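Asks: This is coords-v5.txt (compact mmCIF, C-alpha atoms and all ligand atoms).
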```
# COMPACT_ATOMS: atom_id res chain seq x y z
CA MET K 192 279.56 333.21 144.02
CA GLY K 193 280.05 336.74 145.39
CA ALA K 194 280.60 337.58 149.06
CA PRO K 195 277.47 337.10 151.21
CA ASP K 196 275.49 340.27 151.76
CA LEU K 197 276.05 340.82 155.48
CA LYS K 198 273.18 343.29 155.83
CA LEU K 199 270.72 340.86 154.25
CA TRP K 200 272.01 338.05 156.42
CA LEU K 201 271.67 340.13 159.60
CA HIS K 202 268.17 341.16 158.53
CA SER K 203 267.02 337.58 157.99
CA TRP K 204 268.61 336.57 161.29
CA SER K 205 266.70 339.28 163.14
CA CYS K 206 263.43 338.15 161.45
CA PHE K 207 264.12 334.64 162.70
CA GLU K 208 264.74 335.98 166.20
CA GLU K 209 261.40 337.77 166.12
CA ILE K 210 259.48 334.52 165.73
CA SER K 211 260.87 332.92 168.87
CA VAL K 212 257.87 331.23 170.52
CA LYS K 213 257.26 329.45 173.84
CA ILE K 214 254.67 326.83 174.78
CA THR K 215 252.39 328.27 177.46
CA ASP K 216 249.63 325.66 177.73
CA ALA K 217 248.36 322.37 176.37
CA GLU K 218 244.94 320.72 176.65
CA VAL K 219 243.52 317.33 175.73
CA PHE K 220 239.98 317.04 174.34
CA VAL K 221 237.99 313.82 173.99
CA THR K 222 234.90 313.99 171.80
CA CYS K 223 232.58 311.56 170.01
CA PRO K 224 231.04 313.13 166.88
CA GLY K 225 230.11 309.68 165.49
CA ARG K 226 233.19 308.02 167.01
CA ASN K 227 235.74 308.88 169.72
CA PHE K 228 238.65 311.21 168.98
CA VAL K 229 241.40 312.51 171.27
CA THR K 230 242.87 315.88 170.27
CA LEU K 231 245.83 317.74 171.73
CA LYS K 232 245.94 321.53 171.49
CA ILE K 233 249.25 323.25 172.29
CA SER K 234 249.13 327.03 172.83
CA THR K 235 252.00 329.52 172.69
CA ASP K 236 252.81 332.99 173.97
CA GLU K 237 252.44 334.31 170.38
CA GLY K 238 248.79 333.26 170.24
CA VAL K 239 249.57 330.57 167.64
CA TYR K 240 248.29 327.10 168.59
CA GLY K 241 248.83 323.67 167.10
CA LEU K 242 246.70 320.52 166.96
CA GLY K 243 247.67 316.87 167.19
CA ASP K 244 245.57 313.72 166.87
CA ALA K 245 246.00 311.31 169.82
CA THR K 246 243.28 308.77 168.97
CA LEU K 247 244.02 305.09 169.66
CA ASN K 248 240.90 303.12 168.81
CA GLY K 249 239.40 301.48 171.91
CA ARG K 250 242.21 302.80 174.18
CA GLU K 251 241.51 306.52 173.83
CA LEU K 252 241.56 307.45 177.52
CA ALA K 253 244.96 305.83 178.11
CA VAL K 254 246.56 308.25 175.62
CA ALA K 255 244.58 311.19 177.02
CA SER K 256 245.94 310.41 180.50
CA TYR K 257 249.50 309.83 179.20
CA LEU K 258 249.40 313.30 177.66
CA SER K 259 247.72 315.16 180.53
CA ASP K 260 249.46 313.40 183.39
CA HIS K 261 252.94 312.83 181.97
CA LEU K 262 253.80 314.80 178.82
CA ILE K 263 252.09 318.17 179.07
CA PRO K 264 253.88 319.19 182.31
CA CYS K 265 257.21 318.64 180.47
CA LEU K 266 256.21 320.84 177.53
CA ILE K 267 255.44 324.15 179.21
CA GLY K 268 258.10 326.77 178.50
CA ARG K 269 259.70 324.82 175.62
CA ASP K 270 260.34 326.22 172.15
CA PRO K 271 257.83 324.54 169.78
CA PHE K 272 260.22 324.99 166.82
CA GLN K 273 262.57 322.35 168.29
CA THR K 274 260.61 319.39 166.89
CA GLU K 275 263.62 317.06 166.78
CA ASP K 276 264.81 317.81 170.31
CA VAL K 277 261.30 317.61 171.82
CA TRP K 278 260.71 314.28 170.04
CA GLN K 279 263.98 312.86 171.40
CA TYR K 280 263.23 314.25 174.86
CA LEU K 281 259.87 312.47 174.97
CA TYR K 282 261.12 309.22 173.36
CA ARG K 283 264.54 308.75 174.96
CA GLY K 284 263.66 310.67 178.08
CA ALA K 285 260.87 308.29 179.10
CA TYR K 286 263.22 305.31 179.56
CA TRP K 287 260.11 303.16 178.73
CA ARG K 288 260.28 303.48 174.98
CA ARG K 289 257.83 302.58 172.22
CA GLY K 290 254.40 300.94 172.47
CA PRO K 291 251.16 302.28 170.94
CA VAL K 292 250.11 304.50 173.86
CA THR K 293 253.50 306.20 174.25
CA MET K 294 254.07 306.63 170.53
CA THR K 295 250.55 307.97 169.86
CA ALA K 296 251.04 310.57 172.59
CA ILE K 297 254.47 311.56 171.20
CA ALA K 298 252.96 311.73 167.69
CA ALA K 299 250.22 314.08 168.91
CA VAL K 300 252.81 316.46 170.42
CA ASP K 301 254.93 316.26 167.26
CA MET K 302 251.97 316.99 164.95
CA ALA K 303 250.93 319.98 167.04
CA LEU K 304 254.48 321.38 166.98
CA TRP K 305 254.75 321.08 163.18
CA ASP K 306 251.34 322.77 162.96
CA ILE K 307 252.62 325.66 165.11
CA LYS K 308 255.82 325.90 163.07
CA GLY K 309 253.85 326.11 159.81
CA LYS K 310 251.42 328.69 161.19
CA ALA K 311 254.21 330.83 162.69
CA LEU K 312 256.09 330.75 159.37
CA LYS K 313 252.79 331.21 157.46
CA THR K 314 253.32 328.17 155.24
CA PRO K 315 251.76 324.71 154.80
CA VAL K 316 253.66 321.99 156.67
CA TYR K 317 254.60 320.22 153.41
CA ASN K 318 256.88 323.16 152.60
CA LEU K 319 258.84 322.39 155.76
CA LEU K 320 259.13 318.71 154.77
CA GLY K 321 260.60 319.22 151.31
CA GLY K 322 257.76 320.83 149.36
CA GLN K 323 255.35 319.17 146.93
CA SER K 324 256.77 316.15 145.11
CA ARG K 325 253.45 315.65 143.25
CA THR K 326 250.28 317.50 142.37
CA GLY K 327 247.98 315.30 144.46
CA VAL K 328 247.87 312.25 146.70
CA MET K 329 246.21 309.18 145.17
CA VAL K 330 243.80 307.64 147.67
CA TYR K 331 241.85 304.42 147.93
CA GLY K 332 238.30 304.01 149.22
CA HIS K 333 236.58 301.00 150.79
CA ALA K 334 234.02 298.90 148.93
CA ASN K 335 232.38 296.47 151.36
CA GLY K 336 229.56 294.04 150.62
CA ARG K 337 227.79 291.12 152.23
CA ASP K 338 228.58 289.07 149.10
CA ILE K 339 230.49 289.40 145.82
CA GLU K 340 227.58 291.08 144.03
CA GLU K 341 227.12 293.73 146.70
CA THR K 342 230.88 294.39 146.86
CA ALA K 343 230.91 294.89 143.06
CA GLU K 344 228.03 297.40 143.38
CA GLU K 345 230.03 299.29 146.00
CA VAL K 346 233.16 299.28 143.81
CA ALA K 347 231.05 300.84 141.02
CA LYS K 348 229.87 303.58 143.42
CA TYR K 349 233.44 304.50 144.37
CA GLN K 350 234.43 304.53 140.71
CA GLU K 351 231.60 306.98 140.02
CA LEU K 352 232.93 309.21 142.81
CA GLY K 353 236.22 309.36 140.89
CA TYR K 354 238.36 306.91 142.88
CA LEU K 355 241.21 305.30 140.91
CA ALA K 356 241.97 302.74 143.63
CA ILE K 357 239.47 300.73 145.68
CA ARG K 358 239.84 298.23 148.49
CA ALA K 359 237.36 295.35 148.18
CA GLN K 360 236.11 293.20 151.09
CA SER K 361 233.20 290.77 151.01
CA GLY K 362 231.27 288.63 153.47
CA ILE K 363 232.37 284.97 153.49
CA PRO K 364 229.70 282.30 152.84
CA GLY K 365 229.16 280.36 156.08
CA LEU K 366 230.52 283.09 158.39
CA PRO K 367 228.04 285.35 160.21
CA SER K 368 230.38 288.37 160.28
CA THR K 369 233.56 289.34 158.46
CA TYR K 370 236.14 292.07 158.86
CA GLY K 371 235.49 295.00 156.55
CA VAL K 372 231.81 294.39 155.91
CA ALA K 373 230.15 297.56 157.03
CA LYS K 374 226.74 298.40 158.39
CA ASP K 375 227.12 301.91 157.11
CA LYS K 376 228.78 301.89 153.70
CA LEU K 377 230.61 305.21 153.20
CA TYR K 378 231.47 305.67 156.89
CA TYR K 379 232.69 302.18 157.78
CA GLU K 380 233.32 302.06 161.51
CA PRO K 381 234.54 298.82 163.08
CA ALA K 382 234.41 299.99 166.74
CA GLU K 383 231.11 299.45 168.54
CA LYS K 384 229.63 301.14 171.60
CA GLY K 385 229.74 299.04 174.76
CA LEU K 386 231.96 295.99 175.26
CA PRO K 387 233.85 294.25 172.40
CA PRO K 388 231.57 292.41 169.95
CA GLU K 389 232.68 288.89 168.86
CA ASN K 390 233.28 287.81 165.26
CA ALA K 391 233.74 284.24 163.93
CA TRP K 392 236.53 283.05 161.66
CA SER K 393 237.39 280.20 159.30
CA THR K 394 240.65 280.40 157.33
CA GLU K 395 239.56 277.68 154.87
CA LYS K 396 236.28 279.38 153.98
CA TYR K 397 238.11 282.68 153.55
CA LEU K 398 240.88 281.27 151.34
CA LEU K 399 238.31 279.64 149.05
CA HIS K 400 236.24 282.80 148.69
CA VAL K 401 238.66 285.70 148.15
CA PRO K 402 240.04 284.62 144.72
CA LYS K 403 236.41 284.36 143.48
CA LEU K 404 235.79 287.95 144.61
CA PHE K 405 238.74 289.32 142.63
CA GLU K 406 238.01 287.16 139.59
CA ALA K 407 234.51 288.68 139.49
CA LEU K 408 235.81 292.24 140.00
CA ARG K 409 238.40 291.99 137.21
CA LEU K 410 235.75 290.57 134.85
CA LYS K 411 233.39 293.44 135.63
CA PHE K 412 235.83 296.37 135.94
CA GLY K 413 238.71 295.39 133.63
CA ASP K 414 242.42 295.83 134.29
CA ASP K 415 242.92 299.56 134.89
CA LEU K 416 241.29 300.02 138.28
CA HIS K 417 243.66 299.54 141.22
CA LEU K 418 242.23 296.87 143.53
CA LEU K 419 243.40 296.31 147.12
CA HIS K 420 242.50 293.81 149.82
CA ASP K 421 243.02 293.66 153.61
CA VAL K 422 243.44 290.23 155.27
CA HIS K 423 243.53 291.92 158.67
CA HIS K 424 246.23 289.73 160.25
CA ARG K 425 244.41 286.39 159.86
CA LEU K 426 246.77 284.03 158.05
CA THR K 427 250.00 282.20 158.71
CA PRO K 428 252.88 282.94 156.32
CA ILE K 429 252.29 279.80 154.22
CA GLU K 430 248.54 280.50 154.03
CA ALA K 431 249.34 284.06 152.99
CA ALA K 432 251.68 282.68 150.32
CA ARG K 433 248.83 280.52 148.98
CA LEU K 434 246.47 283.50 148.88
CA GLY K 435 249.04 285.76 147.23
CA LYS K 436 249.69 283.11 144.55
CA SER K 437 246.00 282.56 143.87
CA LEU K 438 245.46 286.33 143.48
CA GLU K 439 248.32 286.86 141.01
CA PRO K 440 246.09 286.71 137.89
CA TYR K 441 244.07 289.67 139.27
CA HIS K 442 247.20 291.82 139.85
CA LEU K 443 246.24 293.52 143.11
CA PHE K 444 247.77 296.89 144.00
CA TRP K 445 248.46 295.27 147.38
CA LEU K 446 247.55 292.52 149.79
CA GLU K 447 247.46 294.06 153.25
CA ASP K 448 248.27 292.65 156.70
CA ALA K 449 248.34 289.06 155.45
CA VAL K 450 249.85 287.95 158.78
CA THR K 451 250.41 289.59 162.13
CA ALA K 452 253.82 291.13 161.75
CA GLU K 453 255.28 290.77 165.23
CA LEU K 454 257.50 288.18 163.55
CA GLN K 455 259.00 290.24 160.74
CA GLU K 456 261.00 287.22 159.51
CA GLY K 457 257.69 285.47 158.71
CA PHE K 458 257.41 287.60 155.58
CA ARG K 459 260.39 285.74 154.07
CA ILE K 460 258.16 282.72 153.52
CA ILE K 461 255.42 284.76 151.80
CA ARG K 462 257.96 286.54 149.62
CA GLN K 463 259.49 283.27 148.38
CA HIS K 464 256.19 282.18 146.89
CA THR K 465 254.30 285.11 145.44
CA THR K 466 254.70 288.29 143.40
CA THR K 467 251.51 289.86 144.81
CA PRO K 468 252.66 293.17 146.36
CA LEU K 469 252.53 293.18 150.16
CA ALA K 470 251.57 295.98 152.54
CA VAL K 471 251.77 295.96 156.33
CA GLY K 472 252.22 298.26 159.30
CA GLU K 473 249.09 300.17 160.41
CA VAL K 474 249.68 298.93 163.97
CA PHE K 475 253.44 299.54 163.96
CA ASN K 476 254.66 302.34 166.16
CA SER K 477 258.39 302.68 165.52
CA ILE K 478 261.10 301.79 163.02
CA TRP K 479 261.90 298.75 165.19
CA ASP K 480 258.66 297.13 164.00
CA ALA K 481 259.68 297.44 160.35
CA HIS K 482 263.47 297.50 159.97
CA ILE K 483 263.82 293.85 158.83
CA LEU K 484 260.82 294.13 156.51
CA ILE K 485 262.36 297.18 154.88
CA GLN K 486 266.00 296.16 154.72
CA GLU K 487 265.29 292.66 153.39
CA GLN K 488 262.76 294.09 150.90
CA LEU K 489 260.08 291.76 152.27
CA ILE K 490 257.28 294.26 151.67
CA ASP K 491 256.32 296.77 148.99
CA TYR K 492 254.28 299.27 151.02
CA LEU K 493 254.60 300.39 154.63
CA ARG K 494 251.24 301.26 156.24
CA MET K 495 252.62 303.23 159.20
CA THR K 496 250.99 306.60 159.59
CA VAL K 497 251.69 309.80 161.48
CA VAL K 498 249.47 309.27 164.53
CA HIS K 499 250.50 305.73 165.47
CA GLY K 500 253.99 305.89 163.97
CA GLY K 501 255.57 308.50 166.23
CA GLY K 502 254.65 311.66 164.32
CA LEU K 503 256.09 313.42 161.27
CA THR K 504 259.55 313.59 162.84
CA HIS K 505 259.84 309.80 163.08
CA LEU K 506 257.90 308.88 159.94
CA LYS K 507 259.96 311.01 157.59
CA LYS K 508 263.10 309.15 158.72
CA ILE K 509 261.41 305.78 158.20
CA ALA K 510 260.32 306.87 154.71
CA ALA K 511 263.90 307.86 153.91
CA LEU K 512 265.14 304.41 154.94
CA ALA K 513 262.32 302.73 153.00
CA GLU K 514 263.16 304.74 149.87
CA ILE K 515 266.60 303.12 149.67
CA TYR K 516 265.01 299.64 149.72
CA HIS K 517 262.27 300.31 147.13
CA VAL K 518 259.54 300.33 149.76
CA ARG K 519 256.80 302.90 149.23
CA THR K 520 254.46 304.51 151.73
CA GLY K 521 250.77 303.66 152.13
CA CYS K 522 249.55 305.49 155.23
CA HIS K 523 246.68 304.11 157.26
CA GLY K 524 243.67 306.44 156.98
CA ALA K 525 240.66 304.74 158.56
CA THR K 526 237.86 306.67 160.30
CA ASP K 527 239.56 306.30 163.69
CA LEU K 528 242.31 308.65 162.50
CA SER K 529 240.93 312.15 162.99
CA PRO K 530 241.05 314.84 160.28
CA VAL K 531 244.15 316.19 162.08
CA ALA K 532 245.99 312.90 161.44
CA MET K 533 244.60 312.77 157.90
CA ALA K 534 245.94 316.26 157.19
CA ALA K 535 249.35 315.40 158.68
CA ALA K 536 249.47 312.27 156.51
CA LEU K 537 248.66 314.31 153.40
CA HIS K 538 251.47 316.81 154.06
CA PHE K 539 253.81 313.84 154.48
CA ASP K 540 252.44 312.01 151.39
CA ILE K 541 252.78 314.98 149.08
CA SER K 542 256.35 315.66 150.16
CA VAL K 543 258.14 312.27 150.12
CA ASN K 544 259.46 310.82 146.86
CA ASN K 545 258.53 307.20 147.67
CA PHE K 546 254.84 307.86 148.24
CA GLY K 547 252.65 304.91 147.18
CA ILE K 548 249.02 305.53 148.09
CA GLN K 549 246.92 306.96 150.95
CA GLU K 550 243.90 305.26 152.53
CA TYR K 551 240.89 307.56 152.68
CA MET K 552 237.81 306.54 154.63
CA ARG K 553 235.44 309.46 154.77
CA HIS K 554 234.43 310.86 158.13
CA THR K 555 230.85 311.57 159.13
CA LYS K 556 229.38 315.04 158.62
CA GLU K 557 229.56 315.64 162.41
CA THR K 558 233.27 314.78 162.50
CA ASP K 559 234.02 317.09 159.57
CA GLU K 560 232.12 319.89 161.33
CA VAL K 561 234.07 319.48 164.57
CA PHE K 562 237.34 319.46 162.55
CA PRO K 563 236.99 321.99 159.68
CA HIS K 564 239.85 321.33 157.27
CA SER K 565 241.54 322.59 154.11
CA TYR K 566 242.17 319.21 152.43
CA SER K 567 239.91 318.28 149.55
CA PHE K 568 239.19 315.37 147.19
CA LYS K 569 239.18 315.64 143.41
CA GLY K 570 239.36 312.94 140.72
CA GLY K 571 240.78 310.23 142.96
CA TYR K 572 243.33 312.50 144.65
CA LEU K 573 243.42 314.39 147.93
CA HIS K 574 245.34 317.64 148.33
CA PRO K 575 246.26 319.10 151.74
CA GLY K 576 245.40 322.65 150.60
CA ASP K 577 247.57 325.71 151.12
CA ALA K 578 246.50 326.89 154.60
CA PRO K 579 249.44 327.53 156.96
CA GLY K 580 250.32 324.63 159.27
CA LEU K 581 248.32 321.41 158.90
CA GLY K 582 245.18 323.24 157.77
CA VAL K 583 242.78 321.77 160.35
CA ASP K 584 240.91 323.45 163.19
CA TYR K 585 238.95 322.15 166.17
CA ASP K 586 235.53 323.55 167.12
CA GLU K 587 235.64 323.15 170.91
CA LYS K 588 232.06 324.35 171.47
CA LEU K 589 230.59 321.92 168.97
CA ALA K 590 232.84 319.10 170.21
CA ASP K 591 231.43 319.58 173.74
CA LYS K 592 228.05 318.41 172.44
CA PHE K 593 229.52 314.96 171.70
CA PRO K 594 230.86 313.47 174.97
CA TYR K 595 233.07 310.36 175.03
CA GLU K 596 231.25 307.03 174.66
CA ARG K 597 233.02 303.79 175.57
CA ALA K 598 233.57 301.73 172.40
CA TYR K 599 235.76 298.77 171.42
CA LEU K 600 236.97 297.06 168.29
CA PRO K 601 235.63 293.50 167.87
CA VAL K 602 237.45 290.37 169.00
CA ASN K 603 237.59 287.27 166.82
CA ARG K 604 237.20 283.53 167.53
CA LYS K 605 237.67 280.49 165.30
CA LEU K 606 234.56 278.37 164.75
CA ASP K 607 235.61 276.06 167.64
CA GLY K 608 235.80 279.02 170.03
CA THR K 609 239.58 279.52 169.98
CA MET K 610 240.54 283.16 170.50
CA PHE K 611 242.08 284.51 167.30
CA ASN K 612 243.34 287.77 165.75
CA TRP K 613 240.78 290.37 164.76
O1 LIG Z 1 241.29 300.89 164.46
C1 LIG Z 1 241.44 299.82 163.59
C2 LIG Z 1 241.03 300.19 162.18
O2 LIG Z 1 241.61 301.40 161.79
C3 LIG Z 1 241.46 299.10 161.22
O3 LIG Z 1 240.82 297.92 161.55
C4 LIG Z 1 241.14 299.50 159.81
O4 LIG Z 1 242.47 297.72 158.96
C5 LIG Z 1 242.00 298.83 158.82
C6 LIG Z 1 242.32 299.57 157.61
O5 LIG Z 1 243.07 299.03 156.80
O6 LIG Z 1 241.82 300.67 157.45
MG MG Z 2 244.12 297.42 157.57
```
Here is a file; write its structure as structure tokens.

Replies:
Amino acid sequence: MGAPDLKLWLHSWSCFEEISVKITDAEVFVTCPGRNFVTLKISTDEGVYGLGDATLNGRELAVASYLSDHLIPCLIGRDPFQTEDVWQYLYRGAYWRRGPVTMTAIAAVDMALWDIKGKALKTPVYNLLGGQSRTGVMVYGHANGRDIEETAEEVAKYQELGYLAIRAQSGIPGLPSTYGVAKDKLYYEPAEKGLPPENAWSTEKYLLHVPKLFEALRLKFGDDLHLLHDVHHRLTPIEAARLGKSLEPYHLFWLEDAVTAELQEGFRIIRQHTTTPLAVGEVFNSIWDAHILIQEQLIDYLRMTVVHGGGLTHLKKIAALAEIYHVRTGCHGATDLSPVAMAAALHFDISVNNFGIQEYMRHTKETDEVFPHSYSFKGGYLHPGDAPGLGVDYDEKLADKFPYERAYLPVNRKLDGTMFNW
């Protein structure tokens, strides 16, 4: 290698100096274009602004207050390019670390800063994360039906739309309501306006029904289609082991949230008994929720996503750890994650080597209009597009027409009235 060209080096250094930016303002918006979303907008002295999603389903206003009352005052005057230092300042500097409200607020700041960095450098965020490791991000859609027949019809609809992977949920005979069975098919939304609705649960009825659903789907759709299922935290480890074993002939892409994962060690029991791939983590908010699961190879896919998992800065480190232990990513992407979070997830997905799959629940037309975005769906894959930054905007005027409406996720009781996990 020849001697470095000093002139060129000095020139590039001065270009870098020219893009020094300072945060001048930050605002939090709460809007309800079909469902509630919290959005953070960080502005700079260069006129470039960044967006972050701060939506925590059913607890939206807590994050809005955390941002407005506690984080925003600490951001003014800072350099938005210092994503690592700002993240550490907000995480370590709080003393009270972790928890969904704190980590969602930190994630929103982090997303907005990466958005600013990409816009200021005129490049999509994935180029700052390592570039494109693939041509597109495989996604899965949600087929929900009141019974097996209706679920199969919904699977067929998603297949016609081009999806290569489909999550299947069906109503359970004898239960009036079941997780995942939508009123509105394409825009499944579990939160309801007003106070929390109550669902009923029977583990035995569920365990008897689910293998029948997947037997019927494999018979109808053959072996190629990727099929997924979400238990939504309702089994004990040994019950999950039984379900995983009974589903082995139908080779699921994954079995999600089989148990609540506060007890990470619980997955050892499931793992001893079944080869059905396991996914967990949409409610996790830091590496300390997943480190045993990853390092003991107790799961195959980690469901943590940018908005509830501490932002791009934290998630890319978790993905790097997971890569060593053969764990792939499978970011949460339900309707309560705004298009800003969806875009951030796509930049992350396309850049990491150990990407697995991305959940993609479509937003309503109103939501897409409030958040115009550059990502697009084609042939079962999403691509983040090549707009600088995250590639999402926020139409403040339109958003004003949809004020916040109190809404909660359901709660769940066993048939004898015992409070249970939803
Ligand atoms: O806010 C909660 C929903 O995002 C969650 O219930 C959806 O489990 C879910 C999933 O896998 O998308
Ligand atoms: Mg889930």

Asks: Neighbours of ligand LIG 1 (chain Z) at 7 Å or closer, counting all atoms listed in the file: which residues, as a list in words?

Replies: Asn248, Pro381, Asp421, His423, His523, Gly524, Ala525, Thr526, Asp527 and Leu600 of chain K

Asks: Measure the distance from CA of Gln463 (chain K) to CA of Met495 (chain K) in Å and round it to one decimal.

Replies: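 Separating CA of Gln463 (chain K) from CA of Met495 (chain K) is a distance of 23.7 Å.
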
Asks: If you count only C-alpha atoms, which residues fall within 9 Å of Leu503 (chain K), apart from same-chain ones fewer than 4 positions away, as a ChimeraX atom specification?

Replies: /K:298,301-302,305,320,496-498,507-508,535-536,539

Asks: For a test of reading the model, state the distance in Å between CA of His333 (chain K) and CA of Met294 (chain K), rounded to one decimal.

Replies: 27.0 Å

Asks: Region 575-590 of chain K: which residues within 7 Å, counting all atoms listed in the file, same-chain residues fewer than 5 positions away excluded, as a PDB file with C-alpha atoms, in the coordinates of the input?

Replies:
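part-v4.pdb was written with the following content:
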```
ATOM      1  CA  THR K 222     234.900 313.990 171.800  1.00  0.00           C
ATOM      2  CA  TRP K 305     254.750 321.080 163.180  1.00  0.00           C
ATOM      3  CA  ASP K 306     251.340 322.770 162.960  1.00  0.00           C
ATOM      4  CA  ILE K 307     252.620 325.660 165.110  1.00  0.00           C
ATOM      5  CA  LYS K 308     255.820 325.900 163.070  1.00  0.00           C
ATOM      6  CA  GLY K 309     253.850 326.110 159.810  1.00  0.00           C
ATOM      7  CA  LYS K 310     251.420 328.690 161.190  1.00  0.00           C
ATOM      8  CA  LYS K 313     252.790 331.210 157.460  1.00  0.00           C
ATOM      9  CA  THR K 314     253.320 328.170 155.240  1.00  0.00           C
ATOM     10  CA  PRO K 315     251.760 324.710 154.800  1.00  0.00           C
ATOM     11  CA  VAL K 316     253.660 321.990 156.670  1.00  0.00           C
ATOM     12  CA  VAL K 531     244.150 316.190 162.080  1.00  0.00           C
ATOM     13  CA  ALA K 534     245.940 316.260 157.190  1.00  0.00           C
ATOM     14  CA  ALA K 535     249.350 315.400 158.680  1.00  0.00           C
ATOM     15  CA  LEU K 537     248.660 314.310 153.400  1.00  0.00           C
ATOM     16  CA  HIS K 538     251.470 316.810 154.060  1.00  0.00           C
ATOM     17  CA  VAL K 561     234.070 319.480 164.570  1.00  0.00           C
ATOM     18  CA  PHE K 562     237.340 319.460 162.550  1.00  0.00           C
ATOM     19  CA  PRO K 563     236.990 321.990 159.680  1.00  0.00           C
ATOM     20  CA  HIS K 564     239.850 321.330 157.270  1.00  0.00           C
ATOM     21  CA  SER K 565     241.540 322.590 154.110  1.00  0.00           C
ATOM     22  CA  TYR K 566     242.170 319.210 152.430  1.00  0.00           C
ATOM     23  CA  SER K 567     239.910 318.280 149.550  1.00  0.00           C
TER      24      SER K 567
END
```

Asks: Set the distance at 7 Å and use only C-alpha atoms: which residues neighbour Ala513 (chain K) once local chain neighbours fewer than 5 positions away are removed? I'd like the list as a list in words.

Replies: Ile485, Val518 and Arg519 of chain K

Asks: Quick one: residues within 8 Å of Ile461 (chain K), only C-alpha atoms counted, chain neighbours fewer than 4 positions away excluded, as a list in words?

Replies: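 Contacts, with the query itself left out: Pro428, Ile429, Ala431, Ala432, Gly435, Gly457 and Thr465 of chain K.
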
Asks: Using only C-alpha atoms and all ligand atoms, find each residue of chain K with at least one atom at most 9 Å away from an atom of ligand MG 2 (chain Z); report its shortest atom-to-atom pair and that distance in Å (one decimal), sort the rows by chain and rising residue number, and return the result as a Markdown table.

Replies:
```
| residue | atom | partner | partner_atom | distance |
| --- | --- | --- | --- | --- |
| K:His420 | CA | Z:MG2 | MG | 8.7 |
| K:Asp421 | CA | Z:MG2 | MG | 5.6 |
| K:Val422 | CA | Z:MG2 | MG | 7.6 |
| K:His423 | CA | Z:MG2 | MG | 5.6 |
| K:His424 | CA | Z:MG2 | MG | 8.4 |
| K:Glu447 | CA | Z:MG2 | MG | 6.4 |
| K:Asp448 | CA | Z:MG2 | MG | 6.4 |
| K:Val471 | CA | Z:MG2 | MG | 7.9 |
| K:Gly472 | CA | Z:MG2 | MG | 8.3 |
| K:Glu473 | CA | Z:MG2 | MG | 6.4 |
| K:Val474 | CA | Z:MG2 | MG | 8.6 |
| K:Arg494 | CA | Z:MG2 | MG | 8.2 |
| K:His523 | CA | Z:MG2 | MG | 7.2 |
| K:Ala525 | CA | Z:MG2 | MG | 8.2 |
```

Asks: Counting all atoms listed in the file, which residues of region 514-576 of chain K fall within 8 Å of region 230-244 of chain K, and what is the closest atom pair for each with its distance in Å at one decimal, ordered by chain and rising number, as a Markdown table?

Replies:
```
| residue | atom | partner | partner_atom | distance |
| --- | --- | --- | --- | --- |
| K:Leu528 | CA | K:Asp244 | CA | 7.4 |
| K:Ser529 | CA | K:Asp244 | CA | 6.2 |
| K:Val531 | CA | K:Asp244 | CA | 5.6 |
| K:Ala532 | CA | K:Asp244 | CA | 5.5 |
```

Asks: Write the selection just made, keeping C-alpha atoms, as a PDB file, keeping the file's coordinate frame?

Replies:
```pdb
ATOM      1  CA  LEU K 528     242.310 308.650 162.500  1.00  0.00           C
ATOM      2  CA  SER K 529     240.930 312.150 162.990  1.00  0.00           C
ATOM      3  CA  VAL K 531     244.150 316.190 162.080  1.00  0.00           C
ATOM      4  CA  ALA K 532     245.990 312.900 161.440  1.00  0.00           C
TER       5      ALA K 532
END
```

Asks: Rounded to one decimal place, report the CA of Tyr257 (chain K)-CA of Pro530 (chain K) distance in Å.

Replies: 21.3 Å

Asks: From the list K:Asp414, K:Glu275, K:Asp607, K:Asp491, which residue is nearest Gly521 (chain K) when using all atoms listed in the file?

Replies: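 Closest to Gly521 (chain K), using all atoms listed in the file: K:Asp491.
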
Asks: From the set K:His400, K:Lys605, K:Arg553, K:Lys592, which residue has the shortest atom-to-atom contact distance to Leu573 (chain K), counting only C-alpha atoms?

Replies: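 When distances to Leu573 (chain K) are compared using only C-alpha atoms, the smallest one comes from K:Arg553.
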
Asks: Counting only C-alpha atoms, what is within 10 Å of Pro601 (chain K), bar same-chain residues fewer than 2 positions away, as a PyMOL selection string?

Replies: chain K and resi 249+370+381-383+386-390+598-599+603+612-613

Asks: Between K:Leu418, K:Leu398, K:Val346, K:Ile460, single out the one closest to Leu489 (chain K), counting all atoms listed in the file.

Replies: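 Smallest distance to Leu489 (chain K) is found for K:Ile460.
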